[in-house]
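Participant: Structure file upload_0.tsv (TSV, C-alpha atoms) right here:
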```
chain	number	residue	atom	x	y	z
A	21	MET	CA	-44.50	-107.13	-48.47
A	22	ARG	CA	-45.26	-106.00	-44.97
A	23	ARG	CA	-46.84	-102.57	-44.89
A	24	LYS	CA	-45.48	-100.24	-42.26
A	25	LEU	CA	-47.87	-97.31	-42.55
A	26	PRO	CA	-50.79	-98.84	-40.62
A	27	TRP	CA	-48.49	-99.79	-37.77
A	28	VAL	CA	-46.97	-96.31	-37.68
A	29	LEU	CA	-50.44	-94.75	-37.65
A	30	LEU	CA	-51.65	-97.14	-34.97
A	31	THR	CA	-48.66	-96.37	-32.75
A	32	VAL	CA	-49.03	-92.62	-33.19
A	33	PHE	CA	-52.76	-92.61	-32.50
A	34	LEU	CA	-52.46	-94.92	-29.51
A	35	GLY	CA	-49.86	-92.50	-28.18
A	36	VAL	CA	-52.23	-89.58	-28.77
A	37	MET	CA	-55.01	-91.46	-27.00
A	38	VAL	CA	-52.82	-92.27	-24.00
A	39	ALA	CA	-51.71	-88.62	-23.84
A	40	GLY	CA	-55.36	-87.59	-23.73
A	41	LEU	CA	-56.09	-90.08	-20.98
A	42	LEU	CA	-53.12	-88.81	-18.97
A	43	LEU	CA	-54.45	-85.27	-19.33
A	44	GLY	CA	-57.72	-86.33	-17.74
A	45	GLU	CA	-59.83	-86.25	-20.86
A	46	TYR	CA	-61.62	-89.47	-19.97
A	47	LYS	CA	-63.24	-87.62	-17.07
A	48	THR	CA	-64.33	-84.80	-19.38
A	49	VAL	CA	-65.98	-87.27	-21.76
A	50	LEU	CA	-67.59	-89.13	-18.89
A	51	GLU	CA	-69.03	-85.94	-17.39
A	52	LYS	CA	-70.53	-85.03	-20.75
A	53	ALA	CA	-71.83	-88.54	-21.37
A	54	ILE	CA	-73.64	-88.96	-18.06
A	55	THR	CA	-75.46	-85.64	-18.39
A	56	VAL	CA	-78.55	-85.39	-20.57
A	57	CYS	CA	-77.35	-83.58	-23.69
A	58	LEU	CA	-80.05	-81.01	-24.41
A	59	ASP	CA	-78.45	-80.17	-27.76
A	60	CYS	CA	-78.59	-83.82	-28.81
A	61	ILE	CA	-82.26	-84.20	-28.00
A	62	GLY	CA	-83.25	-80.90	-29.55
A	63	ILE	CA	-84.19	-78.75	-26.59
A	64	GLY	CA	-80.84	-77.09	-25.99
B	3	MET	CA	-54.09	-119.45	-54.52
B	4	GLY	CA	-51.56	-119.43	-51.66
B	5	ALA	CA	-51.41	-121.74	-48.68
B	6	LYS	CA	-52.89	-119.09	-46.46
B	7	ASP	CA	-55.91	-118.66	-48.68
B	8	LYS	CA	-59.02	-120.51	-47.69
B	9	ALA	CA	-62.61	-120.58	-48.74
B	10	VAL	CA	-65.00	-118.57	-46.60
B	11	ARG	CA	-68.66	-118.57	-45.74
B	12	LYS	CA	-68.80	-117.27	-42.26
B	13	PRO	CA	-69.54	-114.29	-40.11
B	14	ARG	CA	-70.16	-111.95	-43.02
B	15	GLU	CA	-73.18	-114.00	-43.96
B	16	LYS	CA	-74.64	-113.32	-40.52
B	17	ARG	CA	-73.73	-109.64	-40.40
B	18	SER	CA	-77.22	-108.51	-39.37
B	19	TRP	CA	-76.88	-110.53	-36.20
B	20	TYR	CA	-73.58	-108.85	-35.42
B	21	GLN	CA	-75.13	-105.45	-36.05
B	22	ALA	CA	-78.05	-106.29	-33.76
B	23	ALA	CA	-75.69	-107.61	-31.08
B	24	PHE	CA	-73.52	-104.48	-31.18
B	25	ALA	CA	-76.58	-102.21	-31.13
B	26	LEU	CA	-77.89	-104.00	-28.09
B	27	GLY	CA	-74.47	-104.24	-26.46
B	28	MET	CA	-73.86	-100.51	-26.75
B	29	ASN	CA	-77.31	-99.83	-25.32
B	30	ALA	CA	-77.50	-102.63	-22.81
B	31	TRP	CA	-78.50	-100.76	-19.66
B	32	LEU	CA	-82.20	-101.43	-20.16
B	33	PRO	CA	-83.31	-100.56	-16.58
B	34	SER	CA	-82.80	-96.88	-17.50
B	35	TRP	CA	-85.81	-97.08	-19.80
B	36	PHE	CA	-88.05	-97.93	-16.87
B	37	LYS	CA	-86.57	-95.25	-14.62
B	38	GLY	CA	-86.71	-92.50	-17.23
B	39	GLU	CA	-83.03	-91.68	-16.72
B	40	ILE	CA	-79.84	-92.12	-18.68
B	41	PHE	CA	-77.19	-94.64	-17.64
B	42	GLN	CA	-74.52	-92.92	-15.55
B	43	GLY	CA	-71.96	-95.65	-14.89
B	44	GLY	CA	-68.23	-94.96	-14.90
B	45	VAL	CA	-67.68	-96.92	-18.13
B	46	LYS	CA	-69.65	-94.38	-20.09
B	47	GLY	CA	-66.52	-92.35	-20.78
B	48	VAL	CA	-65.35	-95.12	-23.11
B	49	CYS	CA	-65.88	-94.06	-26.71
B	50	VAL	CA	-67.72	-96.42	-29.03
B	51	PRO	CA	-66.77	-96.65	-32.73
B	52	ALA	CA	-70.28	-95.72	-33.84
B	53	LEU	CA	-72.80	-92.93	-34.01
B	54	ASN	CA	-74.68	-93.90	-30.86
B	55	CYS	CA	-76.06	-91.00	-28.84
B	56	TYR	CA	-74.89	-91.00	-25.23
B	57	SER	CA	-78.17	-89.50	-24.18
B	58	CYS	CA	-79.98	-92.66	-25.23
B	59	PRO	CA	-81.26	-93.88	-21.84
B	60	SER	CA	-79.50	-97.24	-22.06
B	61	ALA	CA	-76.30	-96.10	-23.85
B	62	MET	CA	-73.22	-97.48	-22.14
B	63	GLY	CA	-70.55	-95.59	-24.05
B	64	ALA	CA	-69.76	-92.17	-25.47
B	65	CYS	CA	-70.38	-91.06	-29.03
B	66	PRO	CA	-66.99	-89.86	-30.33
B	67	ILE	CA	-68.56	-87.18	-32.53
B	68	GLY	CA	-70.47	-85.70	-29.59
B	69	ALA	CA	-67.37	-85.96	-27.40
B	70	ILE	CA	-65.02	-84.25	-29.84
B	71	GLN	CA	-67.41	-81.34	-30.26
B	72	THR	CA	-67.44	-80.94	-26.48
B	73	PHE	CA	-63.68	-80.50	-26.51
B	74	PHE	CA	-63.68	-78.12	-29.45
B	75	GLY	CA	-66.53	-76.09	-27.99
B	76	GLY	CA	-64.73	-75.78	-24.67
B	77	LEU	CA	-61.32	-74.94	-26.11
B	78	ARG	CA	-61.17	-71.26	-25.20
B	79	PHE	CA	-57.77	-69.77	-24.50
B	80	ASN	CA	-59.26	-66.39	-23.61
B	81	LEU	CA	-61.33	-67.87	-20.78
B	82	SER	CA	-59.37	-68.58	-17.62
B	83	ILE	CA	-61.97	-71.08	-16.38
B	84	ALA	CA	-62.11	-73.00	-19.66
B	85	GLU	CA	-60.32	-76.35	-19.79
B	86	LYS	CA	-57.45	-76.36	-22.26
B	87	LYS	CA	-58.07	-79.86	-23.59
B	88	PHE	CA	-57.79	-80.74	-27.24
B	89	GLY	CA	-59.72	-84.01	-27.31
B	90	LEU	CA	-56.59	-86.11	-27.77
B	91	TYR	CA	-58.32	-89.10	-26.20
B	92	VAL	CA	-61.09	-89.04	-28.81
B	93	VAL	CA	-58.81	-88.20	-31.75
B	94	GLY	CA	-56.44	-90.99	-30.70
B	95	PHE	CA	-59.32	-93.43	-30.33
B	96	LEU	CA	-60.70	-92.64	-33.78
B	97	GLY	CA	-57.26	-92.85	-35.37
B	98	ALA	CA	-56.42	-96.12	-33.65
B	99	VAL	CA	-59.66	-97.78	-34.73
B	100	GLY	CA	-59.26	-96.39	-38.25
B	101	SER	CA	-55.66	-97.60	-38.48
B	102	VAL	CA	-56.73	-101.14	-37.70
B	103	VAL	CA	-59.99	-101.62	-39.61
B	104	GLY	CA	-60.76	-98.37	-41.44
B	105	ARG	CA	-64.48	-97.95	-41.94
B	106	MET	CA	-65.43	-101.45	-40.89
B	107	PRO	CA	-67.33	-100.32	-37.73
B	108	CYS	CA	-69.82	-98.58	-40.06
B	109	GLY	CA	-70.69	-101.91	-41.62
B	110	TRP	CA	-70.70	-104.07	-38.51
B	111	VAL	CA	-71.07	-102.00	-35.35
B	112	CYS	CA	-73.02	-98.78	-35.95
B	113	PRO	CA	-76.68	-99.05	-34.84
B	114	PHE	CA	-77.66	-96.16	-37.06
B	115	GLY	CA	-76.24	-97.89	-40.12
B	116	PHE	CA	-78.17	-101.00	-39.11
B	117	ILE	CA	-81.40	-99.00	-38.82
B	118	GLN	CA	-80.86	-97.60	-42.32
B	119	GLU	CA	-80.33	-101.07	-43.76
B	120	LEU	CA	-83.49	-102.38	-42.08
B	121	LEU	CA	-85.61	-99.47	-43.31
B	122	HIS	CA	-84.28	-99.89	-46.82
B	123	LYS	CA	-85.78	-103.39	-46.90
B	124	ILE	CA	-89.26	-101.83	-47.01
B	125	PRO	CA	-90.43	-102.59	-50.55
B	126	THR	CA	-90.71	-99.31	-52.47
B	127	PRO	CA	-89.15	-97.96	-55.65
B	128	LYS	CA	-85.51	-97.23	-54.87
B	129	VAL	CA	-83.37	-94.21	-55.74
B	130	ARG	CA	-79.61	-94.28	-56.29
B	131	LEU	CA	-77.67	-91.65	-54.40
B	132	PRO	CA	-75.80	-89.27	-56.73
B	133	ARG	CA	-72.11	-89.95	-56.28
B	134	PHE	CA	-71.12	-86.34	-55.70
B	135	LEU	CA	-73.13	-86.33	-52.45
B	136	SER	CA	-70.52	-88.59	-50.86
B	137	TYR	CA	-68.25	-85.54	-50.60
B	138	PHE	CA	-70.82	-83.71	-48.51
B	139	ARG	CA	-69.89	-85.69	-45.40
B	140	TYR	CA	-66.48	-84.02	-45.43
B	141	VAL	CA	-68.19	-80.64	-45.51
B	142	VAL	CA	-70.30	-81.68	-42.51
B	143	LEU	CA	-67.18	-82.87	-40.68
B	144	ALA	CA	-65.18	-79.74	-41.43
B	145	THR	CA	-67.94	-77.28	-40.60
B	146	MET	CA	-70.42	-78.74	-38.10
B	147	VAL	CA	-67.97	-80.84	-36.10
B	148	VAL	CA	-64.74	-78.82	-36.26
B	149	ALA	CA	-65.02	-75.22	-37.47
B	150	LEU	CA	-68.30	-74.01	-36.00
B	151	PRO	CA	-67.77	-75.47	-32.48
B	152	LEU	CA	-64.30	-73.90	-32.49
B	153	LEU	CA	-65.18	-70.51	-33.94
B	154	ILE	CA	-68.75	-69.57	-33.00
B	155	ILE	CA	-69.30	-68.82	-29.33
B	156	ASP	CA	-72.46	-68.46	-27.31
B	157	GLN	CA	-73.28	-65.83	-24.66
B	158	PHE	CA	-71.15	-67.72	-22.14
B	159	GLY	CA	-68.09	-67.70	-24.37
B	160	TYR	CA	-68.23	-71.39	-25.36
B	161	GLY	CA	-68.81	-73.15	-28.64
B	162	GLN	CA	-71.71	-75.53	-29.21
B	163	ALA	CA	-72.10	-79.05	-30.53
B	164	TRP	CA	-73.40	-77.94	-33.92
B	165	PHE	CA	-73.72	-81.35	-35.49
B	166	CYS	CA	-75.60	-82.79	-32.52
B	167	LYS	CA	-77.78	-79.74	-32.20
B	168	TRP	CA	-78.77	-79.12	-35.80
B	169	ILE	CA	-78.38	-82.38	-37.69
B	170	CYS	CA	-77.84	-85.64	-35.85
B	171	PRO	CA	-80.95	-87.78	-36.42
B	172	ALA	CA	-79.43	-90.54	-34.27
B	173	GLY	CA	-79.72	-88.24	-31.26
B	174	THR	CA	-83.35	-87.48	-32.06
B	175	LEU	CA	-84.25	-91.13	-32.56
B	176	GLU	CA	-82.26	-92.67	-29.71
B	177	ALA	CA	-82.51	-89.86	-27.17
B	178	GLY	CA	-84.81	-87.00	-28.16
B	179	ILE	CA	-87.99	-88.99	-28.61
B	180	PRO	CA	-87.42	-91.48	-25.76
B	181	LEU	CA	-86.45	-88.84	-23.20
B	182	ILE	CA	-89.39	-86.59	-24.01
B	183	LEU	CA	-91.68	-89.61	-23.62
B	184	LEU	CA	-90.03	-90.73	-20.38
B	185	LYS	CA	-89.30	-87.39	-18.66
B	186	VAL	CA	-92.38	-85.27	-18.21
B	187	ASP	CA	-90.33	-82.33	-16.85
B	188	LEU	CA	-88.57	-81.94	-20.20
B	189	ARG	CA	-91.75	-81.46	-22.20
B	190	PRO	CA	-92.23	-77.74	-21.41
B	191	LEU	CA	-88.81	-77.13	-23.00
B	192	ILE	CA	-89.94	-78.33	-26.40
B	193	GLY	CA	-89.61	-75.58	-28.98
B	194	PHE	CA	-88.49	-74.87	-32.51
B	195	MET	CA	-85.30	-76.94	-32.23
B	196	TYR	CA	-87.18	-80.05	-31.24
B	197	TYR	CA	-89.64	-79.76	-34.09
B	198	TRP	CA	-86.75	-79.06	-36.49
B	199	LYS	CA	-85.00	-82.24	-35.42
B	200	ILE	CA	-88.16	-84.31	-35.60
B	201	ALA	CA	-88.85	-82.99	-39.13
B	202	LEU	CA	-85.28	-83.77	-40.14
B	203	LEU	CA	-85.58	-87.28	-38.72
B	204	VAL	CA	-88.77	-87.89	-40.68
B	205	LEU	CA	-87.07	-86.71	-43.87
B	206	PHE	CA	-84.07	-88.92	-43.18
B	207	ILE	CA	-86.27	-91.95	-42.52
B	208	GLY	CA	-87.96	-91.41	-45.88
B	209	TRP	CA	-84.53	-91.18	-47.49
B	210	PHE	CA	-83.39	-94.37	-45.73
B	211	ILE	CA	-86.33	-96.24	-47.25
B	212	LEU	CA	-85.59	-94.95	-50.75
B	213	SER	CA	-81.78	-95.01	-50.86
B	214	ARG	CA	-79.08	-97.28	-49.51
B	215	ARG	CA	-77.51	-95.93	-46.30
B	216	PRO	CA	-77.71	-92.31	-47.47
B	217	PHE	CA	-76.82	-90.82	-44.10
B	218	CYS	CA	-73.61	-92.88	-43.88
B	219	ARG	CA	-72.61	-91.89	-47.39
B	220	ALA	CA	-73.59	-88.25	-47.56
B	221	VAL	CA	-73.72	-86.89	-44.03
B	222	CYS	CA	-71.99	-88.95	-41.33
B	223	PRO	CA	-68.82	-87.24	-40.03
B	224	LEU	CA	-67.74	-90.40	-38.23
B	225	GLY	CA	-67.87	-92.34	-41.48
B	226	ALA	CA	-65.90	-89.53	-43.10
B	227	ILE	CA	-63.14	-89.91	-40.50
B	228	PHE	CA	-62.97	-93.71	-40.61
B	229	GLY	CA	-63.14	-93.68	-44.41
B	230	LEU	CA	-59.93	-91.65	-44.57
B	231	PHE	CA	-58.13	-94.66	-43.11
B	232	ASN	CA	-59.45	-97.25	-45.58
B	233	LYS	CA	-56.41	-97.01	-47.81
B	234	ALA	CA	-53.97	-97.12	-44.92
B	235	SER	CA	-55.49	-99.56	-42.45
B	236	LEU	CA	-54.26	-103.02	-41.44
B	237	PHE	CA	-57.47	-104.50	-42.84
B	238	ARG	CA	-57.36	-104.41	-46.63
B	239	MET	CA	-59.68	-105.37	-49.44
B	240	ALA	CA	-58.32	-106.57	-52.76
B	241	VAL	CA	-59.70	-107.52	-56.16
B	242	ASP	CA	-58.00	-109.97	-58.48
B	243	ASP	CA	-58.27	-108.33	-61.89
B	244	GLU	CA	-57.71	-111.63	-63.67
B	245	LYS	CA	-60.69	-113.26	-61.96
B	246	CYS	CA	-63.02	-110.24	-62.04
B	247	THR	CA	-65.43	-110.39	-64.98
B	248	LEU	CA	-66.96	-106.94	-64.32
B	249	CYS	CA	-70.34	-108.65	-63.93
B	250	ASP	CA	-71.30	-105.95	-61.37
B	251	GLN	CA	-72.97	-108.40	-58.99
B	252	CYS	CA	-70.90	-106.86	-56.17
B	253	TYR	CA	-72.12	-103.41	-57.18
B	254	LYS	CA	-75.75	-104.54	-57.20
B	255	ASP	CA	-75.45	-106.04	-53.73
B	256	CYS	CA	-73.30	-103.31	-52.17
B	257	PRO	CA	-75.12	-101.41	-49.38
B	258	VAL	CA	-73.22	-98.24	-50.30
B	259	GLU	CA	-73.32	-98.74	-54.07
B	260	ILE	CA	-69.62	-98.77	-54.88
B	261	LYS	CA	-67.80	-100.65	-57.59
B	262	ILE	CA	-65.16	-102.29	-55.49
B	263	TYR	CA	-63.18	-103.40	-58.53
B	264	GLU	CA	-62.51	-99.74	-59.30
B	265	SER	CA	-61.17	-98.94	-55.85
B	266	PRO	CA	-61.02	-101.84	-53.38
B	267	ASN	CA	-60.20	-99.54	-50.45
B	268	SER	CA	-62.48	-96.66	-51.34
B	269	PRO	CA	-63.30	-94.26	-48.46
B	270	ASP	CA	-66.96	-95.01	-49.16
B	271	CYS	CA	-66.62	-98.75	-48.45
B	272	VAL	CA	-68.06	-99.81	-45.07
B	273	ARG	CA	-66.33	-103.20	-45.35
B	274	CYS	CA	-69.47	-105.22	-44.76
B	275	LEU	CA	-67.89	-107.92	-46.98
B	276	LYS	CA	-71.14	-108.51	-48.80
B	277	CYS	CA	-69.25	-108.26	-52.07
B	278	VAL	CA	-67.03	-111.14	-50.99
B	279	SER	CA	-70.13	-113.28	-50.70
B	280	SER	CA	-71.62	-111.93	-53.91
B	281	CYS	CA	-68.64	-112.65	-56.11
B	282	LYS	CA	-69.07	-116.01	-57.81
B	283	PHE	CA	-65.61	-115.86	-59.30
B	284	GLY	CA	-63.53	-115.63	-56.15
B	285	ALA	CA	-62.16	-112.28	-57.27
B	286	ILE	CA	-62.64	-110.32	-54.04
B	287	SER	CA	-60.55	-110.94	-50.97
B	288	TYR	CA	-59.54	-109.29	-47.76
B	289	GLU	CA	-56.38	-109.38	-45.71
B	290	PHE	CA	-55.81	-108.73	-42.04
B	291	LEU	CA	-52.61	-109.22	-40.03
B	292	GLY	CA	-51.03	-111.32	-42.74
B	293	LYS	CA	-54.01	-113.62	-43.16
B	294	ARG	CA	-55.80	-113.50	-46.47
B	295	GLU	CA	-59.25	-114.84	-47.10
B	296	VAL	CA	-60.71	-115.26	-50.54
B	297	ALA	CA	-64.26	-116.01	-51.54
B	298	ARG	CA	-64.82	-119.38	-53.05
B	299	ASP	CA	-64.80	-119.53	-56.82
B	300	LEU	CA	-68.20	-121.15	-57.24
B	301	ARG	CA	-67.35	-122.26	-60.77
B	302	VAL	CA	-64.73	-124.63	-59.38
B	303	LYS	CA	-66.10	-127.90	-58.02
B	304	SER	CA	-64.50	-129.18	-54.86
B	305	PRO	CA	-62.76	-132.60	-55.13
B	306	ALA	CA	-65.44	-134.15	-52.92
B	307	SER	CA	-68.23	-133.17	-55.29
B	308	SER	CA	-66.45	-134.14	-58.48
```
Written as structure tokens, that's how I'd like the structure from this file.
Facilitator:
Amino acid sequence: MRRKLPWVLLTVFLGVMVAGLLLGEYKTVLEKAITVCLDCIGIG
Amino acid sequence: MGAKDKAVRKPREKRSWYQAAFALGMNAWLPSWFKGEIFQGGVKGVCVPALNCYSCPSAMGACPIGAIQTFFGGLRFNLSIAEKKFGLYVVGFLGAVGSVVGRMPCGWVCPFGFIQELLHKIPTPKVRLPRFLSYFRYVVLATMVVALPLLIIDQFGYGQAWFCKWICPAGTLEAGIPLILLKVDLRPLIGFMYYWKIALLVLFIGWFILSRRPFCRAVCPLGAIFGLFNKASLFRMAVDDEKCTLCDQCYKDCPVEIKIYESPNSPDCVRCLKCVSSCKFGAISYEFLGKREVARDLRVKSPASS
């Protein structure tokens, strides 16, 4: 029996991810990632 | 056994090499170590399905747990200058990965899981992790990653990355120690927080030596998220009750100490597939995109050897 739930979830979450990309969230993540995170290293 | 079934030996028996390759691949920009900087290429906005600190000098991708806290901490509707972004990109990424393979990245990709497995090889008396502690990772996820960054604000009106700041030993190991060693100008900033994180890392390392992947099982919010998808992902584990003899060899070999015959798609399972290799009765199998692979029943001699 072919299970539908994983495919439904995958479609929904890919849609959510694309929506985030269209809203410019990639840039937000990139800006955070290329800056030294003082919280992460314990001096924030 | 169906036509699609076939005996396996394969990648799962070389899993450590895959873990090492992924750890190196996610932290491949080695020149940064010599320059004392962190990699700043445009690909670094791509999330990786692992707890890999983006402040590690050579990290080439973004830690999704750090990234999602950034969104939650910045989500302030009362601040006109605050970005109204919900972190859909990160949530979608985590859900998409989880929908396909569930918690498999924990077993194959995550460098911090790999470090725990290596440290656990140090020969000492070992301690089993109490099972109730596996629920604690949901508490960490709900509080340190979601609630506190959303609800507690600093003097500037923003939330903080509570998990990264107060707990994450991956950040201390991969970024905190290296950056303090490499960047002299950061050293005057060392204070209580740094010593707290170093002390926590030392405690965790001791725990890694004594118990099997305790951070993944009891603390990791990323594992908590991926684990929620284990029962609903395309990748599935299965146990043939007729072949299983309850010998517990799979349990003895399991890096997260689960009895897979009780719950083949348990949220605790990191899908390392070690149990598939351990089972001498061909009882454990996995299925992905319609293809099913079953461990060889070692009691059955192949026609060539008979």
Participant: For chain A against chain B, which residues fall within 7 Å using all atoms listed in the file, given as a VMD selection string?
Facilitator: chain A and resid 25 to 26 29 to 30 33 to 34 36 to 41 45 to 47 49 to 50 53 to 54 56 to 57 59 to 63
Participant: I'd like the interatomic distance between CA of Phe134 (chain B) and CA of Val278 (chain B), to a tenth of an Å.
Facilitator: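 Pair CA of Phe134 (chain B) / CA of Val278 (chain B) returns 25.6 Å.
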Participant: Between B:Val221, B:Ile260, B:Ile286, B:Ala25, single out the one closest to Phe206 (chain B), counting only C-alpha atoms.
Facilitator: B:Val221
Participant: Suppose you want the space between CA of Thr247 (chain B) and CA of Ser280 (chain B); what is it in Å?
Facilitator: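 Pair CA of Thr247 (chain B) / CA of Ser280 (chain B) returns 12.8 Å.
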Participant: What is the distance between CA of Ala226 (chain B) and CA of Asp270 (chain B), in Å to one decimal?
Facilitator: 8.2 Å
Participant: Near region 21-23 of chain B, counting only C-alpha atoms, which residues have an atom at most 12 Å away, once you skip same-chain residues fewer than 5 positions from it, shown as a list in words?
Facilitator: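 So, after excluding close chain neighbours, the residues are Pro13, Arg14, Glu15, Lys16, Met28, Asn29, Ala30, Ala52, Met106, Pro107, Cys108, Gly109, Trp110, Val111, Cys112, Pro113, Phe114, Gly115, Phe116, Ile117, Gln118, Glu119, Leu120 and Cys274 of chain B.
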Participant: Name the closest residue to His122 (chain B) among the candidates B:Phe138, B:Tyr160, B:Trp35, B:Phe210; distances are taken between atoms, counting all atoms listed in the file.
Facilitator: B:Phe210
Participant: Taking only C-alpha atoms into account, which of B:Lys37, B:Arg105, B:Lys254, B:Lys128 comes nearest Gly225 (chain B)?
Facilitator: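 Nearest to Gly225 (chain B): B:Arg105.
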Participant: Write out N, CA and C atoms for region 12-33 of chain B, as a PDB file, keeping the file's coordinate frame.
Facilitator:
```
ATOM      1  N   LYS B  12     -69.039-117.739 -43.587  1.00  0.00           N
ATOM      2  CA  LYS B  12     -68.800-117.270 -42.260  1.00  0.00           C
ATOM      3  C   LYS B  12     -69.484-116.000 -41.810  1.00  0.00           C
ATOM      4  N   PRO B  13     -68.794-115.323 -40.827  1.00  0.00           N
ATOM      5  CA  PRO B  13     -69.540-114.290 -40.110  1.00  0.00           C
ATOM      6  C   PRO B  13     -70.209-113.281 -41.026  1.00  0.00           C
ATOM      7  N   ARG B  14     -69.588-112.991 -42.164  1.00  0.00           N
ATOM      8  CA  ARG B  14     -70.160-111.950 -43.020  1.00  0.00           C
ATOM      9  C   ARG B  14     -71.542-112.309 -43.523  1.00  0.00           C
ATOM     10  N   GLU B  15     -71.842-113.604 -43.521  1.00  0.00           N
ATOM     11  CA  GLU B  15     -73.180-114.000 -43.960  1.00  0.00           C
ATOM     12  C   GLU B  15     -74.212-113.860 -42.837  1.00  0.00           C
ATOM     13  N   LYS B  16     -73.724-113.546 -41.640  1.00  0.00           N
ATOM     14  CA  LYS B  16     -74.640-113.320 -40.520  1.00  0.00           C
ATOM     15  C   LYS B  16     -74.451-111.908 -39.990  1.00  0.00           C
ATOM     16  N   ARG B  17     -74.092-110.996 -40.851  1.00  0.00           N
ATOM     17  CA  ARG B  17     -73.730-109.640 -40.400  1.00  0.00           C
ATOM     18  C   ARG B  17     -74.863-108.953 -39.654  1.00  0.00           C
ATOM     19  N   SER B  18     -76.106-109.167 -40.061  1.00  0.00           N
ATOM     20  CA  SER B  18     -77.220-108.510 -39.370  1.00  0.00           C
ATOM     21  C   SER B  18     -77.262-108.878 -37.896  1.00  0.00           C
ATOM     22  N   TRP B  19     -76.893-110.114 -37.600  1.00  0.00           N
ATOM     23  CA  TRP B  19     -76.880-110.530 -36.200  1.00  0.00           C
ATOM     24  C   TRP B  19     -75.792-109.805 -35.421  1.00  0.00           C
ATOM     25  N   TYR B  20     -74.656-109.612 -36.067  1.00  0.00           N
ATOM     26  CA  TYR B  20     -73.580-108.850 -35.420  1.00  0.00           C
ATOM     27  C   TYR B  20     -74.026-107.413 -35.190  1.00  0.00           C
ATOM     28  N   GLN B  21     -74.663-106.834 -36.192  1.00  0.00           N
ATOM     29  CA  GLN B  21     -75.130-105.450 -36.050  1.00  0.00           C
ATOM     30  C   GLN B  21     -76.137-105.343 -34.898  1.00  0.00           C
ATOM     31  N   ALA B  22     -77.051-106.307 -34.834  1.00  0.00           N
ATOM     32  CA  ALA B  22     -78.050-106.290 -33.760  1.00  0.00           C
ATOM     33  C   ALA B  22     -77.373-106.460 -32.400  1.00  0.00           C
ATOM     34  N   ALA B  23     -76.386-107.355 -32.347  1.00  0.00           N
ATOM     35  CA  ALA B  23     -75.690-107.610 -31.080  1.00  0.00           C
ATOM     36  C   ALA B  23     -74.925-106.366 -30.626  1.00  0.00           C
ATOM     37  N   PHE B  24     -74.257-105.689 -31.554  1.00  0.00           N
ATOM     38  CA  PHE B  24     -73.520-104.480 -31.180  1.00  0.00           C
ATOM     39  C   PHE B  24     -74.485-103.369 -30.761  1.00  0.00           C
ATOM     40  N   ALA B  25     -75.599-103.243 -31.484  1.00  0.00           N
ATOM     41  CA  ALA B  25     -76.580-102.210 -31.130  1.00  0.00           C
ATOM     42  C   ALA B  25     -77.105-102.429 -29.720  1.00  0.00           C
ATOM     43  N   LEU B  26     -77.390-103.678 -29.423  1.00  0.00           N
ATOM     44  CA  LEU B  26     -77.890-104.000 -28.090  1.00  0.00           C
ATOM     45  C   LEU B  26     -76.785-103.859 -27.046  1.00  0.00           C
ATOM     46  N   GLY B  27     -75.595-104.308 -27.398  1.00  0.00           N
ATOM     47  CA  GLY B  27     -74.470-104.240 -26.460  1.00  0.00           C
ATOM     48  C   GLY B  27     -74.126-102.809 -26.078  1.00  0.00           C
ATOM     49  N   MET B  28     -74.192-101.907 -27.045  1.00  0.00           N
ATOM     50  CA  MET B  28     -73.860-100.510 -26.750  1.00  0.00           C
ATOM     51  C   MET B  28     -74.975 -99.809 -25.989  1.00  0.00           C
ATOM     52  N   ASN B  29     -76.149-100.425 -26.001  1.00  0.00           N
ATOM     53  CA  ASN B  29     -77.310 -99.830 -25.320  1.00  0.00           C
ATOM     54  C   ASN B  29     -77.943-100.864 -24.385  1.00  0.00           C
ATOM     55  N   ALA B  30     -77.074-101.450 -23.569  1.00  0.00           N
ATOM     56  CA  ALA B  30     -77.500-102.630 -22.810  1.00  0.00           C
ATOM     57  C   ALA B  30     -78.132-102.302 -21.461  1.00  0.00           C
ATOM     58  N   TRP B  31     -78.004-101.064 -20.997  1.00  0.00           N
ATOM     59  CA  TRP B  31     -78.500-100.760 -19.660  1.00  0.00           C
ATOM     60  C   TRP B  31     -80.010-100.498 -19.709  1.00  0.00           C
ATOM     61  N   LEU B  32     -80.759-101.558 -19.926  1.00  0.00           N
ATOM     62  CA  LEU B  32     -82.200-101.430 -20.160  1.00  0.00           C
ATOM     63  C   LEU B  32     -82.998-100.898 -18.961  1.00  0.00           C
ATOM     64  N   PRO B  33     -82.524-101.106 -17.715  1.00  0.00           N
ATOM     65  CA  PRO B  33     -83.310-100.560 -16.580  1.00  0.00           C
ATOM     66  C   PRO B  33     -83.549 -99.053 -16.692  1.00  0.00           C
TER      67      PRO B  33
END
```
